[in-house]
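**Student:** This is work32.cif (mmCIF, C-alpha atoms).
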```cif
data_start
#
loop_
_atom_site.label_atom_id
_atom_site.label_comp_id
_atom_site.auth_asym_id
_atom_site.auth_seq_id
_atom_site.Cartn_x
_atom_site.Cartn_y
_atom_site.Cartn_z
CA GLU T 1 68.66 98.59 -20.20
CA PHE T 2 64.86 98.61 -20.32
CA GLU T 3 62.10 99.74 -22.72
CA PHE T 4 58.84 101.53 -22.06
CA SER T 5 56.23 103.46 -24.08
CA SER T 6 54.71 106.80 -23.12
CA ASP T 7 52.81 109.67 -24.74
CA GLY T 8 55.16 112.22 -23.33
CA ASP T 9 53.64 113.64 -20.17
CA GLY T 10 51.40 110.64 -19.55
CA ALA T 11 48.16 112.71 -19.56
CA SER T 12 46.32 110.50 -22.08
CA PHE T 13 47.49 107.20 -20.68
CA PRO T 14 48.18 107.53 -16.96
CA HIS T 15 48.81 103.81 -16.65
CA GLN T 16 51.75 104.22 -19.03
CA ARG T 17 53.35 106.96 -16.98
CA TRP T 18 56.81 105.89 -15.85
CA GLY T 19 59.24 107.32 -13.40
CA PHE T 20 62.69 106.30 -12.16
CA TRP T 21 65.63 107.64 -10.21
CA ALA T 22 69.03 108.07 -11.78
CA LEU T 23 72.27 108.52 -9.93
CA VAL T 24 74.67 110.75 -11.85
CA SER T 25 78.28 110.65 -10.72
CA ALA T 26 81.47 112.05 -12.14
CA LYS T 27 83.78 109.76 -14.00
CA PRO T 28 86.40 108.46 -11.58
CA ALA T 29 89.79 109.96 -12.12
CA GLU T 30 92.33 107.60 -13.50
CA LYS T 31 94.78 106.43 -10.93
CA GLU T 32 98.25 107.79 -11.21
CA GLU T 33 100.72 105.35 -12.51
CA LYS T 34 102.71 103.80 -9.75
CA LYS T 35 106.25 104.95 -9.51
CA ALA T 36 108.85 102.49 -10.54
CA ASP T 37 110.18 100.41 -7.70
CA SER T 38 113.77 101.02 -8.76
CA PHE T 39 115.65 104.31 -8.83
CA SER T 40 119.17 105.39 -9.61
CA LEU T 41 121.66 107.61 -7.84
CA GLU T 42 125.13 108.88 -8.65
CA VAL T 43 127.80 109.35 -6.01
CA GLU T 44 131.56 109.78 -6.08
CA LYS T 45 133.84 107.80 -3.81
CA LYS T 46 137.09 109.72 -3.42
CA GLU T 47 140.44 108.28 -2.48
CA GLY T 48 140.58 107.31 1.18
CA ALA T 49 136.85 107.97 1.72
CA MET T 50 133.96 105.61 2.36
CA LEU T 51 130.53 105.55 0.78
CA GLY T 52 128.90 105.31 4.19
CA ILE T 53 126.78 102.17 3.81
CA THR T 54 126.89 98.63 5.18
CA THR T 55 125.53 95.79 3.09
CA GLN T 56 124.61 92.17 3.58
CA GLU T 57 123.79 89.34 1.24
CA VAL T 58 120.16 88.25 1.46
CA SER T 59 119.11 85.42 -0.85
CA GLY T 60 121.87 86.39 -3.27
CA ALA T 61 120.89 90.08 -3.31
CA CYS T 62 122.73 93.06 -1.85
CA MET T 63 120.71 94.64 0.96
CA ILE T 64 121.67 97.80 2.84
CA THR T 65 121.71 97.13 6.59
CA SER T 66 122.85 100.53 7.85
CA ILE T 67 123.78 104.02 6.68
CA GLU T 68 126.66 105.66 8.49
CA PRO T 69 126.18 109.19 9.82
CA GLY T 70 128.45 112.05 8.92
CA ALA T 71 129.62 113.74 5.73
CA THR T 72 129.61 110.68 3.49
CA PRO T 73 128.72 110.59 -0.23
CA ILE T 74 125.49 108.72 0.52
CA GLN T 75 124.42 111.21 3.18
CA GLU T 76 125.15 114.11 0.83
CA TRP T 77 123.07 112.46 -1.90
CA ASN T 78 120.19 111.81 0.48
CA ALA T 79 120.17 115.43 1.65
CA ALA T 80 120.13 116.74 -1.94
CA HIS T 81 117.63 114.17 -3.28
CA PRO T 82 115.14 113.24 -0.54
CA ASP T 83 112.78 111.60 -3.06
CA LYS T 84 115.55 109.23 -4.13
CA ALA T 85 117.27 108.84 -0.80
CA LEU T 86 118.97 105.53 -0.15
CA LYS T 87 117.51 103.90 2.95
CA VAL T 88 118.07 100.91 5.15
CA HIS T 89 116.66 97.67 3.69
CA ASP T 90 116.93 98.97 0.13
CA PHE T 91 118.40 96.50 -2.37
CA ILE T 92 121.22 97.46 -4.71
CA LEU T 93 120.45 95.93 -8.08
CA GLU T 94 123.54 97.07 -9.97
CA VAL T 95 126.55 99.35 -9.74
CA ASN T 96 128.05 100.81 -12.94
CA GLY T 97 126.27 98.11 -14.92
CA VAL T 98 127.60 95.27 -12.74
CA LYS T 99 124.74 93.11 -11.46
CA SER T 100 126.07 89.59 -11.72
CA SER T 101 126.31 88.71 -8.04
CA TYR T 102 126.63 90.11 -4.56
CA GLU T 103 130.42 89.79 -4.61
CA GLY T 104 130.59 91.52 -7.98
CA ILE T 105 128.54 94.46 -6.72
CA LEU T 106 130.64 94.65 -3.56
CA ASP T 107 133.90 94.69 -5.54
CA GLU T 108 132.59 97.51 -7.70
CA LEU T 109 131.56 99.56 -4.65
CA ARG T 110 135.09 99.26 -3.23
CA LYS T 111 136.58 101.20 -6.15
CA PHE T 112 137.41 104.90 -5.76
CA GLN T 113 135.42 106.41 -8.61
CA LYS T 114 131.99 107.67 -9.54
CA HIS T 115 129.28 105.11 -9.02
CA VAL T 116 125.92 104.90 -10.72
CA ILE T 117 123.84 102.80 -8.39
CA VAL T 118 120.46 101.31 -9.21
CA ALA T 119 118.51 100.47 -6.05
CA LYS T 120 115.08 99.13 -5.24
CA ARG T 121 112.79 99.74 -2.32
CA SER T 122 111.93 96.86 -0.07
CA LYS T 123 108.21 96.22 -0.05
CA ASP T 124 108.38 94.36 3.25
CA PRO T 125 110.18 95.45 6.42
CA MET T 126 113.18 93.30 7.25
CA CYS T 127 115.46 92.72 10.19
CA SER T 128 119.23 93.13 10.06
CA SER T 129 119.53 89.51 8.93
CA GLY T 130 117.20 89.97 5.98
CA HIS T 131 114.17 88.23 7.46
CA ILE T 132 110.81 89.74 6.68
CA LEU T 133 109.13 91.31 9.69
CA ARG T 134 105.57 90.34 10.42
CA PRO T 135 102.91 92.31 12.32
CA ASP T 136 103.40 91.46 15.98
CA PRO T 137 102.57 94.38 18.30
CA ARG T 138 104.73 94.56 21.42
CA VAL T 139 103.94 97.39 23.83
CA TYR T 140 107.06 97.03 25.99
CA ASN T 141 109.59 96.36 23.21
CA VAL T 142 111.86 99.05 21.77
CA CYS T 143 112.34 99.76 18.06
CA ASP T 144 115.77 98.63 16.86
CA VAL T 145 115.92 101.53 14.40
CA CYS T 146 114.85 104.62 16.35
CA HIS T 147 114.80 103.08 19.88
CA ALA T 148 111.26 104.33 20.54
CA PRO T 149 109.02 102.26 22.85
CA GLY T 150 106.10 100.36 21.36
CA THR T 151 106.61 98.29 18.19
CA GLN T 152 104.29 96.89 15.52
CA PHE T 153 106.55 94.49 13.57
CA ARG T 154 108.84 91.71 14.77
CA CYS T 155 111.12 89.10 13.20
CA GLN T 156 109.52 85.65 13.32
CA ASP T 157 112.75 83.75 12.55
CA GLY T 158 114.31 83.96 16.00
CA CYS T 159 115.97 87.39 15.71
CA ASP T 160 115.30 89.79 18.53
CA TYR T 161 114.43 92.60 16.12
CA ASP T 162 111.45 94.95 16.41
CA MET T 163 110.30 97.93 14.38
CA CYS T 164 107.80 100.69 15.07
CA VAL T 165 105.22 102.04 12.65
CA ASN T 166 107.07 105.28 11.90
CA CYS T 167 110.28 103.48 10.94
CA PHE T 168 108.34 101.07 8.76
CA GLN T 169 106.80 103.97 6.84
CA SER T 170 110.15 105.71 6.54
CA LEU T 171 112.13 102.66 5.43
CA THR T 172 109.65 101.09 3.04
CA SER T 173 107.86 104.27 1.87
CA GLY T 174 104.59 102.42 2.09
CA PRO T 175 101.37 102.53 4.08
CA VAL T 176 100.89 100.60 7.25
CA HIS T 177 97.94 98.26 7.29
CA CYS T 178 97.21 98.71 10.95
CA PRO T 179 93.75 99.20 12.45
CA LEU T 180 95.17 101.51 15.10
CA GLN T 181 95.56 105.08 13.92
CA ASP T 182 97.82 106.05 16.77
CA LEU T 183 99.73 103.07 18.13
CA THR T 184 101.81 105.20 20.49
CA THR T 185 98.74 106.58 22.27
CA PHE T 186 97.23 103.11 22.45
CA ALA T 187 100.44 101.69 23.91
CA GLN T 188 100.61 104.41 26.55
CA LYS T 189 97.01 103.84 27.60
CA ARG T 190 97.57 100.10 27.80
CA VAL T 191 100.64 100.57 29.99
CA GLN T 192 98.61 102.79 32.33
CA VAL T 193 95.77 100.27 32.56
CA VAL T 194 98.15 97.37 33.20
CA SER T 195 100.02 99.37 35.84
CA ARG T 196 96.81 100.21 37.67
CA GLY T 197 95.71 96.58 37.50
CA GLU T 198 98.99 95.19 38.84
CA GLY T 199 99.34 97.85 41.51
CA ASN T 200 102.52 99.15 43.06
CA GLN T 201 105.04 96.32 43.31
CA ASP T 202 107.57 98.35 45.32
CA ASP T 203 107.87 98.24 49.10
CA PRO T 204 105.98 101.17 50.65
CA GLU T 205 108.06 103.84 52.34
CA VAL T 206 106.28 106.13 54.78
CA GLU T 207 108.02 109.32 55.78
CA ARG T 208 107.16 110.97 59.07
CA ASP T 209 107.05 114.43 57.56
CA SER T 210 104.35 113.37 55.14
CA TRP T 211 101.93 112.51 58.01
CA ASP T 212 101.16 115.89 59.52
CA GLU T 213 98.81 116.44 62.45
CA GLN T 214 96.00 117.74 60.28
CA ARG T 215 95.87 114.59 58.17
CA LEU T 216 96.10 112.34 61.23
CA ARG T 217 93.29 114.17 63.01
CA ALA T 218 91.11 113.93 59.90
CA LEU T 219 91.80 110.19 59.67
CA CYS T 220 90.95 109.65 63.35
CA ALA T 221 87.77 111.72 63.06
CA LYS T 222 86.68 109.66 60.07
CA HIS T 223 86.98 106.37 61.97
CA GLY T 224 85.97 107.65 65.42
CA TRP T 225 89.40 107.24 66.97
CA ASP T 226 91.05 109.35 69.66
CA PHE T 227 94.06 111.31 68.56
CA GLU T 228 97.05 111.78 70.85
CA TRP T 229 100.77 112.00 70.19
CA MET T 230 102.68 109.12 71.82
CA THR T 231 104.66 110.35 74.85
CA GLU T 232 106.04 108.71 78.01
CA ASP T 233 103.34 110.21 80.23
CA GLY T 234 100.64 109.29 77.77
CA GLU T 235 101.93 105.72 77.56
CA ARG T 236 101.93 105.38 81.36
CA ARG T 237 98.37 106.69 81.54
CA ARG T 238 97.28 104.30 78.83
CA ARG T 239 98.76 101.30 80.63
CA ALA T 240 97.29 102.44 83.99
CA ASN T 241 93.86 102.73 82.38
CA GLU T 242 94.23 99.25 80.97
CA ARG T 243 95.13 97.82 84.37
CA PHE T 244 92.27 99.71 86.04
CA THR T 245 89.83 98.40 83.45
CA GLU T 246 91.06 94.85 84.02
CA TRP T 247 90.74 95.26 87.80
CA LYS T 248 87.18 96.59 87.51
CA LEU T 249 86.32 93.69 85.30
CA GLU T 250 87.72 91.17 87.77
CA GLU T 251 85.83 92.84 90.65
CA SER T 252 82.59 92.78 88.71
CA MET T 253 82.99 89.11 87.88
CA ALA T 254 83.72 88.23 91.53
CA SER T 255 80.65 90.12 92.74
CA PHE T 256 78.51 88.45 90.12
CA LEU T 257 79.68 84.99 91.11
CA HIS T 258 79.07 85.71 94.83
CA GLU T 259 75.50 86.86 94.21
CA ASP T 260 74.81 83.90 92.03
CA THR T 261 76.07 81.46 94.67
CA ALA T 262 73.97 83.04 97.44
CA GLN T 263 70.79 82.55 95.41
CA MET T 264 71.28 78.82 94.88
CA PRO T 265 68.58 76.59 96.71
CA ASP T 266 71.10 74.20 98.21
CA SER T 267 72.86 76.98 100.03
CA GLN T 268 69.84 78.31 101.98
CA PRO T 269 69.93 77.57 105.80
CA LEU T 270 67.12 75.43 107.40
CA LYS T 271 64.69 77.07 109.79
CA SER T 272 64.87 76.05 113.50
CA GLU T 273 61.31 74.71 113.67
CA GLU T 274 61.86 72.48 110.75
CA VAL T 275 64.78 70.71 112.43
CA GLU T 276 63.83 67.68 114.50
CA VAL T 277 66.31 67.11 117.33
CA ALA T 278 66.19 63.70 119.03
CA ALA T 279 65.92 63.82 122.86
CA PRO T 280 68.89 62.41 124.75
CA PRO T 281 68.28 59.03 126.49
CA VAL T 282 67.26 59.11 130.20
CA LEU T 283 69.14 56.83 132.54
CA GLN T 284 67.19 55.43 135.50
CA ARG T 285 68.62 53.72 138.61
CA VAL T 286 67.04 50.39 139.55
CA ASN T 287 67.57 48.81 143.03
CA SER T 288 67.75 45.08 143.12
#
```
Taking this structure as input, can you express it in the form of C-alpha cells?

**Tutor:**
Amino acid sequence: EFEFSSDGDGASFPHQRWGFWALVSAKPAEKEEKKADSFSLEVEKKEGAMLGITTQEVSGACMITSIEPGATPIQEWNAAHPDKALKVHDFILEVNGVKSSYEGILDELRKFQKHVIVAKRSKDPMCSSGHILRPDPRVYNVCDVCHAPGTQFRCQDGCDYDMCVNCFQSLTSGPVHCPLQDLTTFAQKRVQVVSRGEGNQDDPEVERDSWDEQRLRALCAKHGWDFEWMTEDGERRRRANERFTEWKLEESMASFLHEDTAQMPDSQPLKSEEVEVAAPPVLQRVNS
C-alpha cells in the first residue's frame, strides 16, 4: 500500500503527477481435492474358483504381488471399473470389515462368498519383495513387469528387480519425476553411441561374392595399385619379374663396384719413364 496526492490530471501540479503499472491477473482456480488414496471393490468368489491375485506380507500389510490372467473375479472387476482397478503393489486394507492382521485378511479372502475389499494405492514403486524402488536408470536392463528394455527404477536392497517408467505410472497412478521426457528414445540413442564407440567386437567374415571386380578396380585406382586376377600364369610372370629385377640389381651393383675400384689412386699403373731400373753388375776378368 502507498499514499499520494494529486489534483486529478496533474495539470496544476505537474510535480505531483504519479504513474504506476499494475498487473491484473485472474484469480487462480482452486485445486481439485485429491482423490482418496483408498478405494473399495466388490467381487464374488464362487465355489471352486480363485480370486486371481497373489499377496505377500510387507511390514505387516497385505500387498498384491501379481494378478493372474484369465476370467477371474478380479480381472472382471478391473475390466468393468478401470478407475478402481486393482493393480500390482496395491495394499489390501480390509476384507469384509476384517483388518486385524495379514493372516486375518488372508483367511477372509479364502472364503467362497462375496468380498468387499478396501485397497490402497502404493505411492512408491516396489519390488516383488516389498522393497521400495529408487530411481536408478539402467539402459540394458529389462523391466520385470512388462519385459521392455530400458528401466528407470531398481531395488536397492539386493533384489534383481527393475521397472520402466510406463509400468511405474500404471502401477502407482502417479507422475514420474524424471528429467527425461522420453526415456526409451534416450536409451536407444545411448545404445547406438556406445555401439559405435566400442566398434564391432565380432570376427570379420569376408565373402568372395561381396568383392566384385568393380569394387576392386575402384579400390586399386584409389591407391594407385595394379589390378589383376591371380592365376597360375600371372603368378609365374610375377615371380619371373621379381627374379629379373633382382638380377638387374646385382648386375648394376657389380658394375658400380668395378668402376669405383678402377678409379682408386693406388690401383693406377706406373709409367715406364718413372721406373728406375738398376743396371746389372759387369764382371771383368783380371790376369794375375

**Student:** Between T:Arg154, T:Lys99, T:His89, T:Arg110, which residue has the minimum interatomic distance to Gly60 in chain T, considering all atoms listed in the file?

**Tutor:**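 Using all atoms listed in the file, the shortest distance to Gly60 in chain T belongs to T:Lys99.
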
**Student:** Skipping near chain neighbours, those fewer than 5 positions away, what residues fall within 9 Å of Val191 in chain T using all atoms listed in the file, listed as a PDB file with C-alpha atoms, in the coordinates of the input?

**Tutor:**
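Resulting contents of around09.pdb:
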```pdb
ATOM      1  CA  VAL T 139     103.940  97.390  23.830  1.00  0.00           C
ATOM      2  CA  TYR T 140     107.060  97.030  25.990  1.00  0.00           C
ATOM      3  CA  PHE T 186      97.230 103.110  22.450  1.00  0.00           C
ATOM      4  CA  ARG T 196      96.810 100.210  37.670  1.00  0.00           C
TER       5      ARG T 196
END
```

**Student:** Applying 10 Å and only C-alpha atoms, which residues near Glu76 in chain T remain after dropping the ones on its own chain fewer than 6 positions away? List them as a list in words.

**Tutor:** Val43, Gly70 and Ala85 of chain T

**Student:** With a distance cut-off of 8 Å and all atoms listed in the file, select the neighbouring residues of Lys45 in chain T, excluding the residue or stretch itself and same-chain residues fewer than 6 positions from it, and output the selection as a PDB file with C-alpha atoms, keeping the file's coordinate frame.

**Tutor:**
```
ATOM      1  CA  LEU T  51     130.530 105.550   0.780  1.00  0.00           C
ATOM      2  CA  PRO T  73     128.720 110.590  -0.230  1.00  0.00           C
ATOM      3  CA  LYS T 111     136.580 101.200  -6.150  1.00  0.00           C
ATOM      4  CA  PHE T 112     137.410 104.900  -5.760  1.00  0.00           C
ATOM      5  CA  GLN T 113     135.420 106.410  -8.610  1.00  0.00           C
ATOM      6  CA  LYS T 114     131.990 107.670  -9.540  1.00  0.00           C
ATOM      7  CA  HIS T 115     129.280 105.110  -9.020  1.00  0.00           C
TER       8      HIS T 115
END
```

**Student:** Could you give me, as a ChimeraX atom specification, the residues that sit within 10 Å of (116.6, 90.2, 9.4) in the file's coordinates, counting all atoms listed in the file?

**Tutor:** /T:58,65,89,125-133,154-162

**Student:** For a cutoff of 9 Å around the file-coordinate point (116.8, 100.2, -7.2), which residues qualify once you count all atoms listed in the file? I'd like the result as a PyMOL selection string.

**Tutor:** chain T and resi 36-41+90-94+117-121

**Student:** Give me, please, the distance in Å between CA of Trp229 in chain T and CA of Lys248 in chain T, quoted to one decimal.

**Tutor:**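 These atoms are spaced 26.9 Å apart.
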
**Student:** Kindly resolve the PyMOL selection byres ((chain T and resi 75) around 12) on the present coordinates and return the residues as number ranges by chain.

**Tutor:** T: 41, 43-44, 50-53, 66-74, 76-82, 84-87

**Student:** CA of Val165 in chain T and CA of Val193 in chain T are how many Å apart?

**Tutor:**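 Interatomic distance here is 22.1 Å.
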
**Student:** Please compute the CA of Thr55 in chain T-CA of Asp107 in chain T distance, one decimal, in Å.

**Tutor:** 12.1 Å

**Student:** Which one of T:Arg138, T:Arg236, T:Arg217, T:Arg243 sits closest to Gln188 in chain T if you count only C-alpha atoms?

**Tutor:**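 The shortest atom-to-atom distance to Gln188 in chain T comes from T:Arg138.
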